[in-house]
$ cat coords-v7.cif   # mmCIF, C-alpha atoms
data_run
loop_
_atom_site.label_atom_id
_atom_site.label_comp_id
_atom_site.auth_asym_id
_atom_site.auth_seq_id
_atom_site.Cartn_x
_atom_site.Cartn_y
_atom_site.Cartn_z
CA MET A 1 79.58 30.43 11.28
CA ILE A 2 79.91 34.02 12.31
CA ARG A 3 80.65 35.80 9.11
CA ASN A 4 82.65 38.98 9.07
CA TRP A 5 80.81 42.28 8.92
CA PHE A 6 82.82 43.62 5.85
CA ALA A 7 83.11 47.15 7.38
CA PRO A 8 86.32 48.14 5.58
CA ALA A 9 85.02 47.57 2.07
CA VAL A 10 81.91 49.55 2.91
CA ILE A 11 83.93 52.66 3.65
CA VAL A 12 86.28 52.26 0.72
CA THR A 13 83.26 52.09 -1.59
CA LEU A 14 81.70 55.21 -0.15
CA THR A 15 84.94 57.10 -0.11
CA LEU A 16 85.41 56.47 -3.80
CA LEU A 17 81.86 57.49 -4.57
CA PHE A 18 82.39 61.00 -3.36
CA LEU A 19 85.94 61.44 -4.55
CA LEU A 20 84.33 60.79 -7.91
CA LEU A 21 81.57 63.22 -7.22
CA TRP A 22 83.84 65.88 -5.96
CA GLU A 23 86.17 65.63 -8.92
CA SER A 24 83.46 65.44 -11.55
CA PRO A 25 82.72 69.15 -11.93
CA PRO A 26 85.78 70.49 -13.85
CA GLN A 27 86.53 74.11 -13.03
CA SER A 28 84.73 75.17 -16.22
CA PHE A 29 81.43 74.42 -14.47
CA PHE A 30 82.30 77.11 -11.90
CA ASN A 31 82.38 79.97 -14.37
CA GLN A 32 83.20 83.04 -12.30
CA ASP A 33 81.42 85.59 -14.43
CA ASP A 34 77.83 84.48 -14.66
CA ALA A 35 77.71 82.38 -11.42
CA PRO A 36 74.22 82.63 -9.77
CA THR A 37 73.80 85.11 -6.93
CA SER A 38 72.67 82.66 -4.23
CA THR A 39 72.83 79.01 -3.36
CA LYS A 40 69.20 78.46 -4.15
CA TYR A 41 70.25 77.68 -7.65
CA PRO A 42 72.97 75.20 -8.49
CA ALA A 43 76.02 76.45 -10.30
CA SER A 44 75.69 73.47 -12.61
CA ILE A 45 73.48 70.40 -13.11
CA LEU A 46 74.44 67.11 -14.62
CA ILE A 47 71.60 64.85 -15.81
CA ASN A 48 72.09 61.10 -16.09
CA THR A 49 75.74 61.50 -15.36
CA VAL A 50 78.07 58.56 -15.81
CA SER A 51 81.67 58.77 -14.69
CA ARG A 52 84.27 56.08 -15.13
CA ARG A 53 87.57 56.11 -13.30
CA TYR A 54 90.62 54.16 -14.31
CA ASP A 55 93.73 53.41 -12.31
CA ASP A 56 97.29 54.17 -13.39
CA GLU A 57 97.43 50.99 -15.45
CA GLY A 58 94.25 51.84 -17.29
CA LYS A 59 92.10 49.31 -15.47
CA LEU A 60 88.52 50.29 -14.70
CA ASN A 61 88.36 51.31 -11.05
CA SER A 62 84.76 52.41 -10.65
CA VAL A 63 81.64 53.50 -12.49
CA PHE A 64 79.47 56.18 -10.93
CA LYS A 65 75.98 57.04 -12.16
CA ALA A 66 73.37 59.48 -10.93
CA SER A 67 70.12 60.56 -12.45
CA GLU A 68 71.03 64.09 -11.41
CA ALA A 69 74.00 65.86 -9.78
CA ARG A 70 73.65 69.50 -8.69
CA TYR A 71 76.66 71.60 -7.70
CA PHE A 72 75.94 74.49 -5.37
CA GLN A 73 78.55 77.21 -5.06
CA VAL A 74 77.84 79.31 -1.96
CA ASN A 75 80.08 82.21 -2.90
CA PRO A 76 79.48 83.20 -6.53
CA ARG A 77 82.99 84.59 -6.86
CA ARG A 78 84.95 81.53 -5.88
CA PRO A 79 84.54 77.97 -4.66
CA THR A 80 84.53 77.60 -0.84
CA LYS A 81 84.44 74.78 1.65
CA ARG A 82 80.74 75.39 2.09
CA ASP A 83 79.97 74.41 -1.46
CA TYR A 84 78.09 71.16 -1.78
CA VAL A 85 76.84 68.60 -4.22
CA GLU A 86 73.41 66.97 -4.25
CA VAL A 87 72.84 63.81 -6.23
CA LYS A 88 69.76 61.78 -7.02
CA GLU A 89 69.81 58.00 -7.27
CA PRO A 90 73.57 57.62 -6.94
CA LYS A 91 74.79 54.22 -8.12
CA LEU A 92 78.36 53.13 -7.79
CA THR A 93 80.13 49.97 -8.87
CA PHE A 94 83.55 49.67 -7.39
CA TYR A 95 86.08 47.16 -8.73
CA THR A 96 88.94 45.72 -6.72
CA VAL A 97 91.70 43.49 -7.99
CA ASP A 98 91.20 40.40 -5.91
CA LYS A 99 87.52 40.56 -5.00
CA PRO A 100 84.15 40.74 -6.75
CA PRO A 101 82.87 44.29 -7.34
CA TRP A 102 80.94 46.23 -4.71
CA ASP A 103 77.69 47.96 -5.63
CA MET A 104 76.07 50.83 -3.80
CA THR A 105 72.78 52.67 -4.25
CA ALA A 106 70.82 55.24 -2.30
CA ARG A 107 67.91 57.51 -3.03
CA THR A 108 69.87 60.70 -2.56
CA GLY A 109 73.29 61.86 -1.49
CA LYS A 110 74.87 65.10 -0.38
CA SER A 111 78.54 65.90 -0.15
CA LYS A 112 79.79 68.89 1.90
CA ASN A 113 83.00 70.41 3.18
CA ASN A 114 85.02 69.58 0.09
CA GLY A 115 83.75 66.06 0.12
CA ASN A 116 84.83 65.48 3.73
CA LEU A 117 81.28 64.88 4.90
CA ILE A 118 78.90 62.73 2.91
CA GLN A 119 75.29 62.01 3.74
CA LEU A 120 73.46 59.21 2.02
CA LYS A 121 69.70 59.12 2.48
CA GLY A 122 66.96 56.67 1.62
CA ASP A 123 67.44 52.94 1.13
CA VAL A 124 71.20 53.05 1.43
CA HIS A 125 72.22 49.65 0.13
CA LEU A 126 75.66 48.19 -0.31
CA TRP A 127 76.20 44.68 -1.57
CA GLN A 128 78.75 42.33 -3.02
CA SER A 129 78.01 39.06 -4.80
CA ASP A 130 80.82 36.55 -4.73
CA SER A 131 81.66 33.96 -7.39
CA GLU A 132 79.02 31.59 -6.05
CA ASN A 133 76.49 34.43 -6.10
CA LEU A 134 76.45 34.60 -2.31
CA VAL A 135 75.61 38.15 -1.31
CA SER A 136 77.03 40.23 1.55
CA GLU A 137 75.09 43.42 2.12
CA LEU A 138 74.44 46.35 4.41
CA THR A 139 71.20 48.32 4.43
CA THR A 140 70.24 51.39 6.39
CA PRO A 141 68.01 54.39 5.73
CA TYR A 142 70.79 56.86 6.41
CA LEU A 143 74.58 56.88 6.47
CA VAL A 144 77.14 59.60 7.14
CA VAL A 145 80.65 59.08 5.82
CA LYS A 146 83.82 61.02 6.63
CA PRO A 147 86.26 59.79 3.98
CA GLU A 148 89.33 61.55 5.34
CA GLN A 149 88.86 59.94 8.73
CA GLN A 150 87.90 56.69 6.96
CA TYR A 151 84.87 56.55 9.18
CA ALA A 152 81.12 56.05 8.73
CA GLU A 153 78.23 56.17 11.12
CA THR A 154 74.49 56.03 11.35
CA ASN A 155 72.05 56.44 14.19
CA LYS A 156 69.39 54.56 12.29
CA PRO A 157 68.62 50.84 12.12
CA VAL A 158 71.21 48.86 10.19
CA ILE A 159 71.09 45.33 8.85
CA ILE A 160 74.31 43.56 8.01
CA SER A 161 74.03 40.20 6.35
CA SER A 162 76.47 37.86 4.73
CA PRO A 163 76.30 34.19 3.86
CA GLY A 164 74.90 32.43 6.94
CA SER A 165 74.74 35.45 9.19
CA THR A 166 72.43 38.42 9.76
CA THR A 167 72.90 41.09 12.38
CA ASN A 168 70.40 43.85 13.16
CA ALA A 169 71.15 46.84 15.32
CA VAL A 170 70.30 50.47 15.81
CA GLY A 171 73.24 52.79 15.35
CA MET A 172 76.61 51.87 13.86
CA LYS A 173 80.12 53.32 13.83
CA ALA A 174 82.65 51.89 11.39
CA TYR A 175 86.39 52.61 11.56
CA LEU A 176 88.31 51.59 8.44
CA GLN A 177 91.80 52.05 9.80
CA THR A 178 91.29 49.64 12.67
CA ASP A 179 88.93 47.42 10.70
CA THR A 180 86.40 47.77 13.49
CA ILE A 181 82.65 48.15 13.42
CA LYS A 182 80.57 49.05 16.48
CA LEU A 183 76.87 48.42 16.75
CA LEU A 184 75.40 50.82 19.27
CA SER A 185 72.14 49.29 20.51
CA LYS A 186 69.53 46.59 20.16
CA VAL A 187 71.94 44.08 18.65
CA ARG A 188 70.28 40.89 17.36
CA GLY A 189 72.41 38.35 15.52
CA ILE A 190 71.61 35.04 13.86
CA HIS A 191 74.45 32.84 12.64
CA GLU A 192 73.77 29.63 10.79
CA PRO A 193 76.01 26.68 11.75
CA SER B 1 73.30 18.28 18.17
CA ASP B 2 73.56 21.87 19.35
CA LYS B 3 76.43 22.50 16.94
CA SER B 4 74.13 22.00 13.98
CA GLN B 5 71.70 24.63 15.24
CA PRO B 6 71.78 28.34 14.39
CA ILE B 7 73.22 30.71 16.98
CA TYR B 8 70.98 33.52 18.22
CA ILE B 9 72.65 36.41 19.99
CA SER B 10 71.16 39.56 21.49
CA SER B 11 72.87 42.32 23.43
CA ASP B 12 72.85 46.04 24.05
CA ARG B 13 76.00 46.73 22.04
CA ALA B 14 78.47 44.87 19.88
CA GLU B 15 81.87 45.43 18.31
CA ARG B 16 83.49 43.45 15.51
CA ASN B 17 87.21 43.63 14.81
CA GLU B 18 87.72 42.19 11.38
CA LYS B 19 91.50 41.88 11.62
CA LEU B 20 91.47 39.98 14.91
CA GLY B 21 88.35 38.00 14.07
CA VAL B 22 86.88 38.97 17.42
CA THR B 23 83.30 39.99 18.11
CA THR B 24 82.44 41.46 21.51
CA TYR B 25 78.86 41.65 22.72
CA THR B 26 78.18 43.74 25.83
CA GLY B 27 75.14 44.53 27.93
CA SER B 28 72.60 41.82 28.91
CA VAL B 29 74.04 39.32 26.47
CA GLU B 30 71.96 36.24 25.65
CA MET B 31 73.27 33.55 23.36
CA ASN B 32 71.36 30.44 22.34
CA GLN B 33 72.29 27.47 20.18
CA GLY B 34 69.96 24.52 20.57
CA THR B 35 70.07 23.59 24.27
CA LEU B 36 73.15 25.76 24.87
CA GLN B 37 72.34 29.02 26.61
CA ILE B 38 74.74 31.71 27.81
CA HIS B 39 73.71 34.72 29.87
CA ALA B 40 76.43 37.23 30.69
CA ASP B 41 77.35 40.89 30.92
CA LYS B 42 79.90 40.43 28.16
CA VAL B 43 80.58 37.72 25.60
CA VAL B 44 83.68 37.70 23.42
CA ILE B 45 83.61 35.37 20.41
CA HIS B 46 86.86 34.41 18.72
CA SER B 47 86.56 33.07 15.19
CA ILE B 48 89.04 31.87 12.60
CA ASN B 49 87.93 31.95 8.95
CA ASN B 50 84.49 32.77 10.28
CA GLU B 51 84.36 29.60 12.35
CA ILE B 52 83.83 30.15 16.08
CA THR B 53 86.69 28.66 18.09
CA ARG B 54 86.28 30.17 21.54
CA ILE B 55 83.56 31.90 23.55
CA ILE B 56 84.45 33.85 26.72
CA ALA B 57 81.59 35.03 28.91
CA THR B 58 82.06 37.27 31.92
CA GLY B 59 79.52 38.42 34.42
CA SER B 60 78.58 38.42 38.04
CA PRO B 61 78.25 35.61 37.50
CA ALA B 62 78.07 34.53 33.91
CA GLU B 63 75.89 31.49 33.32
CA TYR B 64 76.20 28.64 30.87
CA GLN B 65 73.60 25.94 30.46
CA GLN B 66 73.53 22.97 28.11
CA LYS B 67 72.23 19.41 27.67
CA PRO B 68 75.37 17.91 26.14
CA ALA B 69 73.45 15.00 24.64
CA THR B 70 69.93 13.68 24.70
CA ASP B 71 70.89 10.95 27.11
CA LYS B 72 72.83 13.31 29.37
CA GLN B 73 71.65 15.62 32.11
CA LEU B 74 71.31 19.36 31.89
CA VAL B 75 74.52 21.06 33.03
CA ILE B 76 74.42 24.52 34.58
CA ALA B 77 77.74 26.27 35.06
CA ARG B 78 78.37 29.61 36.67
CA GLY B 79 81.45 31.71 37.23
CA ASN B 80 82.84 35.18 37.01
CA LYS B 81 84.45 33.97 33.79
CA ILE B 82 83.37 31.06 31.60
CA GLU B 83 85.50 29.99 28.69
CA TYR B 84 84.03 27.52 26.21
CA LEU B 85 86.38 25.88 23.70
CA LEU B 86 84.29 24.62 20.83
CA ASP B 87 86.73 22.22 19.21
CA THR B 88 87.44 20.28 22.44
CA GLU B 89 84.00 21.01 23.95
CA LYS B 90 85.63 21.99 27.24
CA LEU B 91 84.48 24.56 29.78
CA HIS B 92 86.80 26.54 32.05
CA LEU B 93 85.06 28.27 34.94
CA THR B 94 87.00 30.70 37.09
CA GLY B 95 85.98 32.81 40.10
CA ASN B 96 83.01 31.69 42.24
CA ALA B 97 82.81 28.72 39.97
CA SER B 98 79.97 26.25 40.32
CA LEU B 99 78.78 23.33 38.26
CA ARG B 100 75.40 21.75 38.77
CA GLN B 101 73.82 18.79 37.04
CA GLY B 102 70.17 17.98 36.58
CA ASP B 103 70.21 15.38 39.34
CA GLY B 104 71.30 18.03 41.87
CA THR B 105 75.00 17.11 42.00
CA MET B 106 76.82 20.34 42.66
CA LEU B 107 80.48 21.34 42.74
CA THR B 108 81.88 24.69 43.76
CA GLY B 109 85.42 26.01 43.90
CA LYS B 110 87.79 28.64 42.62
CA LEU B 111 88.39 26.93 39.29
CA ILE B 112 86.49 24.15 37.52
CA ASN B 113 87.38 22.51 34.22
CA TYR B 114 84.60 20.45 32.67
CA ASP B 115 84.85 18.22 29.61
CA THR B 116 81.26 18.25 28.36
CA LYS B 117 81.93 15.41 25.90
CA GLU B 118 83.43 12.99 28.41
CA SER B 119 81.56 14.47 31.42
CA VAL B 120 84.85 14.69 33.30
CA VAL B 121 85.29 17.44 35.92
CA ARG B 122 88.51 18.75 37.46
CA ALA B 123 88.27 21.37 40.19
CA GLU B 124 90.76 23.41 42.17
CA GLY B 125 90.43 25.31 45.41
CA ASN B 126 92.38 28.34 46.44
CA THR B 127 95.49 27.36 48.36
CA ASN B 128 96.20 30.96 49.22
CA SER B 129 97.02 30.87 52.94
CA SER B 130 95.26 34.10 53.84
CA ALA B 131 91.89 33.16 52.33
CA PRO B 132 91.87 29.48 51.55
CA GLU B 133 88.90 28.31 49.51
CA ARG B 134 88.26 24.63 49.35
CA ILE B 135 86.25 22.61 46.89
CA HIS B 136 82.77 21.67 47.96
CA MET B 137 80.70 18.94 46.42
CA VAL B 138 77.10 18.00 47.06
CA ILE B 139 75.81 14.63 45.92
CA PRO B 140 72.11 14.26 46.65
CA PRO B 141 70.99 10.85 47.97
CA LYS B 142 69.60 8.63 45.29
CA ALA B 143 65.84 8.44 45.67
CA LYS B 144 65.07 4.96 47.15
CA ALA B 145 63.22 2.69 44.74
CA GLU B 146 59.55 2.55 45.96
CA PRO B 147 58.74 -1.00 47.35
CA GLN B 148 56.53 -2.85 44.88
CA ASN B 149 52.97 -2.88 46.38
CA ASN B 150 51.97 -6.57 46.16
CA SER B 151 48.39 -7.67 46.86
CA SER B 152 48.30 -6.41 50.43
CA SER B 153 50.84 -4.43 52.32
CA SER B 154 51.39 -6.02 55.70
CA SER B 155 52.64 -3.01 57.58
CA SER B 156 51.18 0.40 57.45
CA ASN B 157 53.59 3.28 57.10
CA PRO B 158 53.33 5.36 60.28
CA SER B 159 54.32 8.50 58.43
CA GLN B 160 51.42 8.39 55.97
#
$ encode --input "coords-v7.cif" --output "structure tokens"
Amino acid sequence: MIRNWFAPAVIVTLTLLFLLLWESPPQSFFNQDDAPTSTKYPASILINTVSRRYDDEGKLNSVFKASEARYFQVNPRRPTKRDYVEVKEPKLTFYTVDKPPWDMTARTGKSKNNGNLIQLKGDVHLWQSDSENLVSELTTPYLVVKPEQQYAETNKPVIISSPGSTTNAVGMKAYLQTDTIKLLSKVRGIHEP
Amino acid sequence: SDKSQPIYISSDRAERNEKLGVTTYTGSVEMNQGTLQIHADKVVIHSINNEITRIIATGSPAEYQQKPATDKQLVIARGNKIEYLLDTEKLHLTGNASLRQGDGTMLTGKLINYDTKESVVRAEGNTNSSAPERIHMVIPPKAKAEPQNNSSSSSSNPSQ
């Protein structure tokens, strides 16, 4: 009756998204000589970027798409922790061995601090359809992810639904390592029998 | 039956631990499922394979209310802690426990176990010598059946 709130998979998906993002710009994009003088202009822009990642055995691990990815290098001479990446319409499909794939979309995303802080803005939507096409999903207008701490939070409304259960709240903190999700206020849950 | 109805829960905060299968609702918690109502400061729901097995409500007091069946009376239970076991449909009330039925029957004590299916109650007092707490039960008198008013009533009722 009460379905789980699938917090762990949510974070794993987001973590992968920005590991992908952060690794996508090979050093050649950060050409030291003619790097722009300020951060107003991105060091490099990728349009309609598609990145596929494979695991050690050559199996597809994830597919990341974005209509645009802009890499901003704060210090023209060398990459620093303050560099950041802005993406438009990020889409990620994340494959796991024993479960159906996870999908994630948002209107925009921004990754800072070497990918240790990720902000997803606008219709953040994560979902997973199982073999019987039953969908588990999380929607919120804004989500901050800290991959290294395996942690995500939002202070905005969040809706978590899975087969037979829907929970609304305002504010959420999700901790991957302890498999715990906290809903911070105005919690309303409906669970079908 | 209540079990076939959806569960509605509202609270100030909530926490779900996926590994343990435990969901904790805190702050003005209200839970409804058909005629079942729980009001408490905190409600902890234990589930196995996403099936609820146990509900523990705590408050000052926590309150549980249900009409176990259409032909049964409303039951109102209160206690500092109320544990509801869904598979056996049993209630365990501890601390300032009280159980009241629709007809006014009331039982109070330190601990009350109530089988909602069989409508069987078992209560315990507090045998602690320093502050003994006995069980108290109130059974309201059955309302006398009104005499049938035949054609004429011979005696007038002084009280009317």
$ residues_around --input "coords-v7.cif" --residues "stretch 43-57 of chain A" --least-positions-apart "5" --cutoff "6 Å" --atoms "only C-alpha atoms" --output "CSV table (one decimal) with C-alpha atoms, in the frame of the given file"
chain,number,residue,atom,x,y,z
A,62,SER,CA,84.8,52.4,-10.6
A,63,VAL,CA,81.6,53.5,-12.5
A,64,PHE,CA,79.5,56.2,-10.9
A,65,LYS,CA,76.0,57.0,-12.2
A,66,ALA,CA,73.4,59.5,-10.9
A,67,SER,CA,70.1,60.6,-12.4
A,68,GLU,CA,71.0,64.1,-11.4
A,69,ALA,CA,74.0,65.9,-9.8
A,70,ARG,CA,73.6,69.5,-8.7
A,71,TYR,CA,76.7,71.6,-7.7
A,72,PHE,CA,75.9,74.5,-5.4
A,73,GLN,CA,78.6,77.2,-5.1
$ interface_residues --input "coords-v7.cif" --of "chain B" --to "chain A" --cutoff "8 Å" --atoms "all atoms listed in the file" --output "JSON list (two decimals) with C-alpha atoms, in the coordinates of the input"
[["chain", "number", "residue", "atom", "x", "y", "z"],
["B", 3, "LYS", "CA", 76.43, 22.50, 16.94],
["B", 4, "SER", "CA", 74.13, 22.00, 13.98],
["B", 5, "GLN", "CA", 71.70, 24.63, 15.24],
["B", 6, "PRO", "CA", 71.78, 28.34, 14.39],
["B", 7, "ILE", "CA", 73.22, 30.71, 16.98],
["B", 8, "TYR", "CA", 70.98, 33.52, 18.22],
["B", 9, "ILE", "CA", 72.65, 36.41, 19.99],
["B", 10, "SER", "CA", 71.16, 39.56, 21.49],
["B", 11, "SER", "CA", 72.87, 42.32, 23.43],
["B", 12, "ASP", "CA", 72.85, 46.04, 24.05],
["B", 13, "ARG", "CA", 76.00, 46.73, 22.04],
["B", 14, "ALA", "CA", 78.47, 44.87, 19.88],
["B", 15, "GLU", "CA", 81.87, 45.43, 18.31],
["B", 16, "ARG", "CA", 83.49, 43.45, 15.51],
["B", 17, "ASN", "CA", 87.21, 43.63, 14.81],
["B", 18, "GLU", "CA", 87.72, 42.19, 11.38],
["B", 19, "LYS", "CA", 91.50, 41.88, 11.62],
["B", 21, "GLY", "CA", 88.35, 38.00, 14.07],
["B", 47, "SER", "CA", 86.56, 33.07, 15.19],
["B", 50, "ASN", "CA", 84.49, 32.77, 10.28],
["B", 51, "GLU", "CA", 84.36, 29.60, 12.35],
["B", 52, "ILE", "CA", 83.83, 30.15, 16.08]]
$ resolve_selection --input "coords-v7.cif" --expression "the PyMOL selection byres ((chain B and resi 123) around 10)" --output "ChimeraX atom specification"
/B:92-94,97-99,107-114,121-122,124-125,134-136
$ resolve_selection --input "coords-v7.cif" --expression "the PyMOL selection byres ((chain B and resi 74) around 9)" --output "list of chain:residue names"
B:Thr35, B:Gln65, B:Gln66, B:Lys67, B:Pro68, B:Ala69, B:Lys72, B:Gln73, B:Val75, B:Ile76, B:Arg100, B:Gln101, B:Gly102, B:Asp103
$ residues_near_point --input "coords-v7.cif" --point "(87.6, 19.5, 25.2)" --cutoff "12 Å" --atoms "all atoms listed in the file" --output "ChimeraX atom specification"
/B:53-54,83-92,113-121
$ closest_residue --input "coords-v7.cif" --among "A:Thr96, A:Pro42, A:Glu153, A:Val85" --to "A:Asn61" --atoms "only C-alpha atoms"
A:Thr96
$ atom_distance --input "coords-v7.cif" --atom1 "atom CA of B:Asn80" --atom2 "atom CA of B:Tyr25"
16.2 Å
$ build_atoms --input "coords-v7.cif" --residues "stretch 26-51 of chain B" --atoms "N, CA and C atoms" --output "PDB file, in the frame of the given file"
ATOM      1  N   THR B  26      78.238  43.268  24.434  1.00  0.00           N
ATOM      2  CA  THR B  26      78.180  43.740  25.830  1.00  0.00           C
ATOM      3  C   THR B  26      76.772  44.207  26.159  1.00  0.00           C
ATOM      4  N   GLY B  27      76.435  44.037  27.456  1.00  0.00           N
ATOM      5  CA  GLY B  27      75.140  44.530  27.930  1.00  0.00           C
ATOM      6  C   GLY B  27      74.052  43.489  27.785  1.00  0.00           C
ATOM      7  N   SER B  28      73.690  42.803  28.904  1.00  0.00           N
ATOM      8  CA  SER B  28      72.600  41.820  28.910  1.00  0.00           C
ATOM      9  C   SER B  28      72.708  40.865  27.729  1.00  0.00           C
ATOM     10  N   VAL B  29      73.801  40.182  27.630  1.00  0.00           N
ATOM     11  CA  VAL B  29      74.040  39.320  26.470  1.00  0.00           C
ATOM     12  C   VAL B  29      73.330  37.975  26.672  1.00  0.00           C
ATOM     13  N   GLU B  30      72.584  37.573  25.631  1.00  0.00           N
ATOM     14  CA  GLU B  30      71.960  36.240  25.650  1.00  0.00           C
ATOM     15  C   GLU B  30      72.355  35.527  24.374  1.00  0.00           C
ATOM     16  N   MET B  31      72.837  34.314  24.533  1.00  0.00           N
ATOM     17  CA  MET B  31      73.270  33.550  23.360  1.00  0.00           C
ATOM     18  C   MET B  31      72.634  32.171  23.441  1.00  0.00           C
ATOM     19  N   ASN B  32      72.016  31.753  22.355  1.00  0.00           N
ATOM     20  CA  ASN B  32      71.360  30.440  22.340  1.00  0.00           C
ATOM     21  C   ASN B  32      71.802  29.666  21.117  1.00  0.00           C
ATOM     22  N   GLN B  33      72.049  28.372  21.314  1.00  0.00           N
ATOM     23  CA  GLN B  33      72.290  27.470  20.180  1.00  0.00           C
ATOM     24  C   GLN B  33      71.776  26.110  20.592  1.00  0.00           C
ATOM     25  N   GLY B  34      70.587  25.771  20.147  1.00  0.00           N
ATOM     26  CA  GLY B  34      69.960  24.520  20.570  1.00  0.00           C
ATOM     27  C   GLY B  34      69.729  24.563  22.067  1.00  0.00           C
ATOM     28  N   THR B  35      70.290  23.611  22.818  1.00  0.00           N
ATOM     29  CA  THR B  35      70.070  23.590  24.270  1.00  0.00           C
ATOM     30  C   THR B  35      71.084  24.490  24.984  1.00  0.00           C
ATOM     31  N   LEU B  36      72.110  24.936  24.236  1.00  0.00           N
ATOM     32  CA  LEU B  36      73.150  25.760  24.870  1.00  0.00           C
ATOM     33  C   LEU B  36      72.603  27.166  25.088  1.00  0.00           C
ATOM     34  N   GLN B  37      72.743  27.645  26.322  1.00  0.00           N
ATOM     35  CA  GLN B  37      72.340  29.020  26.610  1.00  0.00           C
ATOM     36  C   GLN B  37      73.449  29.696  27.405  1.00  0.00           C
ATOM     37  N   ILE B  38      73.763  30.919  27.050  1.00  0.00           N
ATOM     38  CA  ILE B  38      74.740  31.710  27.810  1.00  0.00           C
ATOM     39  C   ILE B  38      74.095  33.037  28.159  1.00  0.00           C
ATOM     40  N   HIS B  39      74.179  33.405  29.434  1.00  0.00           N
ATOM     41  CA  HIS B  39      73.710  34.720  29.870  1.00  0.00           C
ATOM     42  C   HIS B  39      74.902  35.396  30.537  1.00  0.00           C
ATOM     43  N   ALA B  40      75.234  36.580  30.119  1.00  0.00           N
ATOM     44  CA  ALA B  40      76.430  37.230  30.690  1.00  0.00           C
ATOM     45  C   ALA B  40      76.351  38.739  30.471  1.00  0.00           C
ATOM     46  N   ASP B  41      77.252  39.457  31.175  1.00  0.00           N
ATOM     47  CA  ASP B  41      77.350  40.890  30.920  1.00  0.00           C
ATOM     48  C   ASP B  41      78.103  41.131  29.624  1.00  0.00           C
ATOM     49  N   LYS B  42      79.065  40.213  29.351  1.00  0.00           N
ATOM     50  CA  LYS B  42      79.900  40.430  28.160  1.00  0.00           C
ATOM     51  C   LYS B  42      80.266  39.073  27.570  1.00  0.00           C
ATOM     52  N   VAL B  43      80.182  38.966  26.258  1.00  0.00           N
ATOM     53  CA  VAL B  43      80.580  37.720  25.600  1.00  0.00           C
ATOM     54  C   VAL B  43      81.543  38.090  24.470  1.00  0.00           C
ATOM     55  N   VAL B  44      82.697  37.471  24.488  1.00  0.00           N
ATOM     56  CA  VAL B  44      83.680  37.700  23.420  1.00  0.00           C
ATOM     57  C   VAL B  44      83.785  36.416  22.596  1.00  0.00           C
ATOM     58  N   ILE B  45      83.590  36.552  21.285  1.00  0.00           N
ATOM     59  CA  ILE B  45      83.610  35.370  20.410  1.00  0.00           C
ATOM     60  C   ILE B  45      84.823  35.476  19.491  1.00  0.00           C
ATOM     61  N   HIS B  46      85.677  34.466  19.580  1.00  0.00           N
ATOM     62  CA  HIS B  46      86.860  34.410  18.720  1.00  0.00           C
ATOM     63  C   HIS B  46      86.526  33.487  17.543  1.00  0.00           C
ATOM     64  N   SER B  47      86.828  33.939  16.343  1.00  0.00           N
ATOM     65  CA  SER B  47      86.560  33.070  15.190  1.00  0.00           C
ATOM     66  C   SER B  47      87.755  33.105  14.236  1.00  0.00           C
ATOM     67  N   ILE B  48      87.978  31.962  13.593  1.00  0.00           N
ATOM     68  CA  ILE B  48      89.040  31.870  12.600  1.00  0.00           C
ATOM     69  C   ILE B  48      88.383  31.431  11.306  1.00  0.00           C
ATOM     70  N   ASN B  49      88.624  32.216  10.227  1.00  0.00           N
ATOM     71  CA  ASN B  49      87.930  31.950   8.950  1.00  0.00           C
ATOM     72  C   ASN B  49      86.434  31.807   9.175  1.00  0.00           C
ATOM     73  N   ASN B  50      85.922  32.718  10.003  1.00  0.00           N
ATOM     74  CA  ASN B  50      84.490  32.770  10.280  1.00  0.00           C
ATOM     75  C   ASN B  50      83.961  31.539  10.975  1.00  0.00           C
ATOM     76  N   GLU B  51      84.826  30.740  11.549  1.00  0.00           N
ATOM     77  CA  GLU B  51      84.360  29.600  12.350  1.00  0.00           C
ATOM     78  C   GLU B  51      84.632  29.952  13.814  1.00  0.00           C
TER      79      GLU B  51
END
